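Have a look at the structure below, then the notes.
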Amino acid sequence: MLKPDINRLQSLKVRRTVVPAKSVEDAYHLVYSSTQPWLGLARTQRNASDCPADQARWGVWIAARTPCPHGVRGTWAQVCLLGGQGRDMLRALSEAVVPGLSFGSVSQEIQQRITSGALAPSSRIRERKLARSLRVPASYVRLALADLDRTGLVEVRANGYFAVVAVCAHVSQRGQQQQITNCATETRAV
């Protein structure tokens, strides 16, 4: 059911020529008519998500889909950008309806792989490879990594890739409990 609306939004491409105001208005109508029916499901996805990065992503898409009550809303380039965001939202909805791991589960699995050493310290995280092994869309891995970036287990490098931060495991005196800490934070405290 989402495919026809995604395909309708494919027709919006940035042009270098001047576009009449009526065409811009028609394009805005196309974007809103293709995405409005799905906003309820998008809100449900945002509210059900256990990932702050995913909730923020849905929030941006939902806010952008609120139609402006005044005539022409912007330029052709702006409507093309809005159409692209609409396609992204609809594609994310099509991924979300497939049963699988939640963002929180993906995040926990990545964290477990980091602490077990399966993902080595300072190594680049291959998002698509990790997504295939977890059997989830790559966007799930990227959003889970964004959440783990906030915790300090991974970091975004200058080239835009995620990498594992050096992790230290400490065993308490009784040896029953293990505490995972970021080595960089630990050394700064000393």
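Ligands are numbered from 1 in the order shown, chains are lettered A, B, ... in the order of the structure tokens, and residues start at 1 in each chain.
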
Any chance you could tabulate, as a tab-separated table, the residues of range 69-112 of chain A at most 12 Å from range 124-133 of chain A with each one's nearest atom pair and distance in Å to one decimal, using only C-alpha atoms, in chain and rising number order?
```
residue	atom	partner	partner_atom	distance
A:Gly100	CA	A:Ala131	CA	11.7
A:Leu101	CA	A:Ala131	CA	10.8
A:Phe103	CA	A:Ala131	CA	11.7
A:Val106	CA	A:Ala131	CA	9.0
A:Ser107	CA	A:Ala131	CA	11.4
A:Glu109	CA	A:Leu130	CA	10.2
A:Ile110	CA	A:Leu130	CA	8.6
```

Q: Name all residues at most 10 Å from Pro121 in chain A (count only C-alpha atoms; drop same-chain ones fewer than 5 positions away) and give them as number ranges by chain.
A: A: 114-115, 153-154, 163-168

Expected file: the selected residues, N, CA, C and O atoms, as a PDB file, in the first residue's frame:
```
ATOM      1  N   ILE A 114      30.114  -5.315  21.590  1.00  0.00           N
ATOM      2  CA  ILE A 114      31.247  -4.455  21.959  1.00  0.00           C
ATOM      3  C   ILE A 114      31.886  -4.964  23.239  1.00  0.00           C
ATOM      4  O   ILE A 114      33.104  -5.132  23.317  1.00  0.00           O
ATOM      5  N   THR A 115      31.061  -5.232  24.259  1.00  0.00           N
ATOM      6  CA  THR A 115      31.616  -5.651  25.547  1.00  0.00           C
ATOM      7  C   THR A 115      32.219  -7.050  25.499  1.00  0.00           C
ATOM      8  O   THR A 115      33.135  -7.348  26.250  1.00  0.00           O
ATOM      9  N   LEU A 153      29.920   4.461  24.128  1.00  0.00           N
ATOM     10  CA  LEU A 153      30.465   3.179  23.670  1.00  0.00           C
ATOM     11  C   LEU A 153      30.976   3.244  22.241  1.00  0.00           C
ATOM     12  O   LEU A 153      31.882   2.506  21.870  1.00  0.00           O
ATOM     13  N   VAL A 154      30.364   4.095  21.429  1.00  0.00           N
ATOM     14  CA  VAL A 154      30.829   4.307  20.062  1.00  0.00           C
ATOM     15  C   VAL A 154      30.965   5.806  19.846  1.00  0.00           C
ATOM     16  O   VAL A 154      30.446   6.608  20.627  1.00  0.00           O
ATOM     17  N   ALA A 163      32.724   4.206  15.135  1.00  0.00           N
ATOM     18  CA  ALA A 163      33.821   3.352  15.575  1.00  0.00           C
ATOM     19  C   ALA A 163      33.621   3.021  17.048  1.00  0.00           C
ATOM     20  O   ALA A 163      33.038   3.796  17.804  1.00  0.00           O
ATOM     21  N   VAL A 164      34.125   1.870  17.447  1.00  0.00           N
ATOM     22  CA  VAL A 164      34.033   1.432  18.835  1.00  0.00           C
ATOM     23  C   VAL A 164      35.050   2.222  19.655  1.00  0.00           C
ATOM     24  O   VAL A 164      36.190   2.396  19.242  1.00  0.00           O
ATOM     25  N   VAL A 165      34.627   2.696  20.806  1.00  0.00           N
ATOM     26  CA  VAL A 165      35.522   3.384  21.730  1.00  0.00           C
ATOM     27  C   VAL A 165      36.164   2.315  22.602  1.00  0.00           C
ATOM     28  O   VAL A 165      35.560   1.275  22.880  1.00  0.00           O
ATOM     29  N   ALA A 166      37.400   2.537  23.043  1.00  0.00           N
ATOM     30  CA  ALA A 166      38.070   1.575  23.915  1.00  0.00           C
ATOM     31  C   ALA A 166      37.235   1.380  25.170  1.00  0.00           C
ATOM     32  O   ALA A 166      36.822   2.337  25.807  1.00  0.00           O
ATOM     33  N   VAL A 167      36.950   0.134  25.511  1.00  0.00           N
ATOM     34  CA  VAL A 167      36.097  -0.196  26.656  1.00  0.00           C
ATOM     35  C   VAL A 167      36.907  -1.003  27.657  1.00  0.00           C
ATOM     36  O   VAL A 167      37.669  -1.883  27.280  1.00  0.00           O
ATOM     37  N   CYS A 168      36.735  -0.692  28.934  1.00  0.00           N
ATOM     38  CA  CYS A 168      37.395  -1.438  30.003  1.00  0.00           C
ATOM     39  C   CYS A 168      36.330  -2.177  30.805  1.00  0.00           C
ATOM     40  O   CYS A 168      35.281  -1.627  31.081  1.00  0.00           O
TER      41      CYS A 168
END
```

**Q.** Every residue of range 10-156 of chain A that DSSP places in strand (DSSP E or B), as a VMD selection string
**A.** chain A and resid 124 154 to 156

For the selection just defined, write its residues with all heavy atoms to a file, as a PDB file, in the first residue's frame.
```pdb
ATOM      1  N   ARG A 124      36.237   0.277  12.993  1.00  0.00           N
ATOM      2  CA  ARG A 124      35.098   0.876  12.296  1.00  0.00           C
ATOM      3  C   ARG A 124      33.940  -0.119  12.319  1.00  0.00           C
ATOM      4  O   ARG A 124      34.128  -1.315  12.108  1.00  0.00           O
ATOM      5  CB  ARG A 124      35.484   1.209  10.862  1.00  0.00           C
ATOM      6  CG  ARG A 124      34.340   1.726  10.046  1.00  0.00           C
ATOM      7  CD  ARG A 124      34.769   2.021   8.638  1.00  0.00           C
ATOM      8  NE  ARG A 124      33.596   2.251   7.813  1.00  0.00           N
ATOM      9  CZ  ARG A 124      33.611   2.367   6.518  1.00  0.00           C
ATOM     10  NH1 ARG A 124      34.755   2.283   5.871  1.00  0.00           N
ATOM     11  NH2 ARG A 124      32.516   2.565   5.848  1.00  0.00           N
ATOM     12  N   VAL A 154      30.364   4.095  21.429  1.00  0.00           N
ATOM     13  CA  VAL A 154      30.829   4.307  20.062  1.00  0.00           C
ATOM     14  C   VAL A 154      30.965   5.806  19.846  1.00  0.00           C
ATOM     15  O   VAL A 154      30.446   6.608  20.627  1.00  0.00           O
ATOM     16  CB  VAL A 154      29.869   3.694  19.000  1.00  0.00           C
ATOM     17  CG1 VAL A 154      29.734   2.201  19.186  1.00  0.00           C
ATOM     18  CG2 VAL A 154      28.529   4.362  19.016  1.00  0.00           C
ATOM     19  N   GLU A 155      31.674   6.157  18.788  1.00  0.00           N
ATOM     20  CA  GLU A 155      31.812   7.569  18.455  1.00  0.00           C
ATOM     21  C   GLU A 155      31.720   7.738  16.950  1.00  0.00           C
ATOM     22  O   GLU A 155      32.016   6.820  16.192  1.00  0.00           O
ATOM     23  CB  GLU A 155      33.143   8.119  18.962  1.00  0.00           C
ATOM     24  CG  GLU A 155      34.359   7.526  18.280  1.00  0.00           C
ATOM     25  CD  GLU A 155      35.678   8.051  18.827  1.00  0.00           C
ATOM     26  OE1 GLU A 155      35.667   8.831  19.777  1.00  0.00           O
ATOM     27  OE2 GLU A 155      36.720   7.658  18.284  1.00  0.00           O
ATOM     28  N   VAL A 156      31.283   8.919  16.564  1.00  0.00           N
ATOM     29  CA  VAL A 156      31.221   9.235  15.143  1.00  0.00           C
ATOM     30  C   VAL A 156      32.560   9.852  14.777  1.00  0.00           C
ATOM     31  O   VAL A 156      33.001  10.823  15.393  1.00  0.00           O
ATOM     32  CB  VAL A 156      30.077  10.224  14.833  1.00  0.00           C
ATOM     33  CG1 VAL A 156      30.044  10.551  13.350  1.00  0.00           C
ATOM     34  CG2 VAL A 156      28.753   9.657  15.284  1.00  0.00           C
TER      35      VAL A 156
END
```

Per-residue nearest contacts range 54-165 of chain A to range 33-48 of chain A, cut-off 12 Å, using only C-alpha atoms, as CSV:
```
residue,atom,partner,partner_atom,distance
A:Asp54,CA,A:Arg46,CA,7.1
A:Gln55,CA,A:Arg46,CA,4.9
A:Ala56,CA,A:Arg46,CA,7.9
A:Arg57,CA,A:Arg46,CA,8.2
A:Trp58,CA,A:Arg46,CA,5.5
A:Gly59,CA,A:Arg46,CA,7.0
A:Val60,CA,A:Arg46,CA,10.3
A:Trp61,CA,A:Ala42,CA,8.5
A:Ile62,CA,A:Leu39,CA,6.7
A:Ala63,CA,A:Leu39,CA,9.9
A:Ala64,CA,A:Thr35,CA,10.3
A:Arg65,CA,A:Gln36,CA,7.0
A:Thr66,CA,A:Gln36,CA,8.4
A:Pro67,CA,A:Gln36,CA,9.2
A:Leu82,CA,A:Thr35,CA,10.4
A:Gly83,CA,A:Thr35,CA,9.2
A:Gly84,CA,A:Thr35,CA,11.2
A:Gln85,CA,A:Thr35,CA,10.0
A:Gly86,CA,A:Thr35,CA,6.3
A:Arg87,CA,A:Thr35,CA,8.5
A:Asp88,CA,A:Thr35,CA,10.6
A:Met89,CA,A:Ala42,CA,7.9
A:Leu90,CA,A:Thr35,CA,7.4
A:Arg91,CA,A:Ala42,CA,11.1
A:Ala92,CA,A:Ala42,CA,9.0
A:Leu93,CA,A:Ala42,CA,7.0
A:Ser94,CA,A:Leu41,CA,10.6
A:Glu95,CA,A:Gln45,CA,11.0
A:Ala96,CA,A:Gln45,CA,7.7
A:Val97,CA,A:Gln45,CA,9.4
A:Ser102,CA,A:Ala48,CA,9.7
A:Phe103,CA,A:Ala48,CA,10.3
A:Gly104,CA,A:Ala48,CA,11.1
```

Q) Near Ala27 in chain A, within 8 Å and counting only C-alpha atoms, which residues show up once chain neighbours fewer than 3 positions away are dropped, as a PyMOL selection string? A) chain A and resi 12+23-24+30-31+79

Can you write just those residues out, N, CA, C and O atoms, as a short mmCIF file (atom, residue, chain, number, x, y, z; two decimals), in the first residue's frame?
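Wrote again-v9.cif, looks like this:
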```cif
data_model
loop_
_atom_site.label_atom_id
_atom_site.label_comp_id
_atom_site.auth_asym_id
_atom_site.auth_seq_id
_atom_site.Cartn_x
_atom_site.Cartn_y
_atom_site.Cartn_z
N LEU A 12 9.12 13.97 -8.19
CA LEU A 12 9.65 15.28 -7.80
C LEU A 12 11.17 15.27 -7.89
O LEU A 12 11.85 14.64 -7.10
N SER A 23 2.71 25.02 -10.61
CA SER A 23 3.38 23.72 -10.55
C SER A 23 3.93 23.45 -9.16
O SER A 23 3.88 22.33 -8.66
N VAL A 24 4.44 24.50 -8.51
CA VAL A 24 4.95 24.37 -7.15
C VAL A 24 3.79 24.02 -6.22
O VAL A 24 3.89 23.10 -5.39
N LEU A 30 0.68 17.24 -4.02
CA LEU A 30 1.09 15.86 -4.25
C LEU A 30 1.79 15.29 -3.01
O LEU A 30 1.49 14.18 -2.56
N VAL A 31 2.72 16.07 -2.44
CA VAL A 31 3.46 15.60 -1.26
C VAL A 31 2.50 15.37 -0.10
O VAL A 31 2.52 14.30 0.54
N VAL A 79 10.09 22.14 -2.27
CA VAL A 79 9.09 21.07 -2.38
C VAL A 79 9.76 19.75 -2.74
O VAL A 79 9.32 18.69 -2.30
#
```

Q | Between CA of Cys51 in chain A and CA of Ala120 in chain A - distance in Å to one decimal | A | 24.0 Å

Q: From chain A, collect each residue whose DSSP state is helix (DSSP H, G or I) and return the set as a PyMOL selection string.
A: chain A and resi 2-9+21-48+52-64+76-96+103-116+127-134+138-151+183-189

Q.
Nearest residue to Gln108 in chain A out of A:Ala21, A:Ala138, A:Leu81, A:Leu148, using only C-alpha atoms?
A. A:Leu148

Q.
What's the separation between CA of Arg135 in chain A and CA of Gly160 in chain A, in Å to one decimal place?
A.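 According to the coordinates, CA of Arg135 in chain A and CA of Gly160 in chain A are separated by 22.9 Å.
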
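Here CA of Arg142 in chain A stands at a distance of 9.3 Å from CA of Ala53 in chain A.
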
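When only C-alpha atoms are used to compute distances to Gln111 in chain A, the closest of the residues A:Gln10, A:Asn159, A:Leu145, A:Tyr28 turns out to be A:Leu145.
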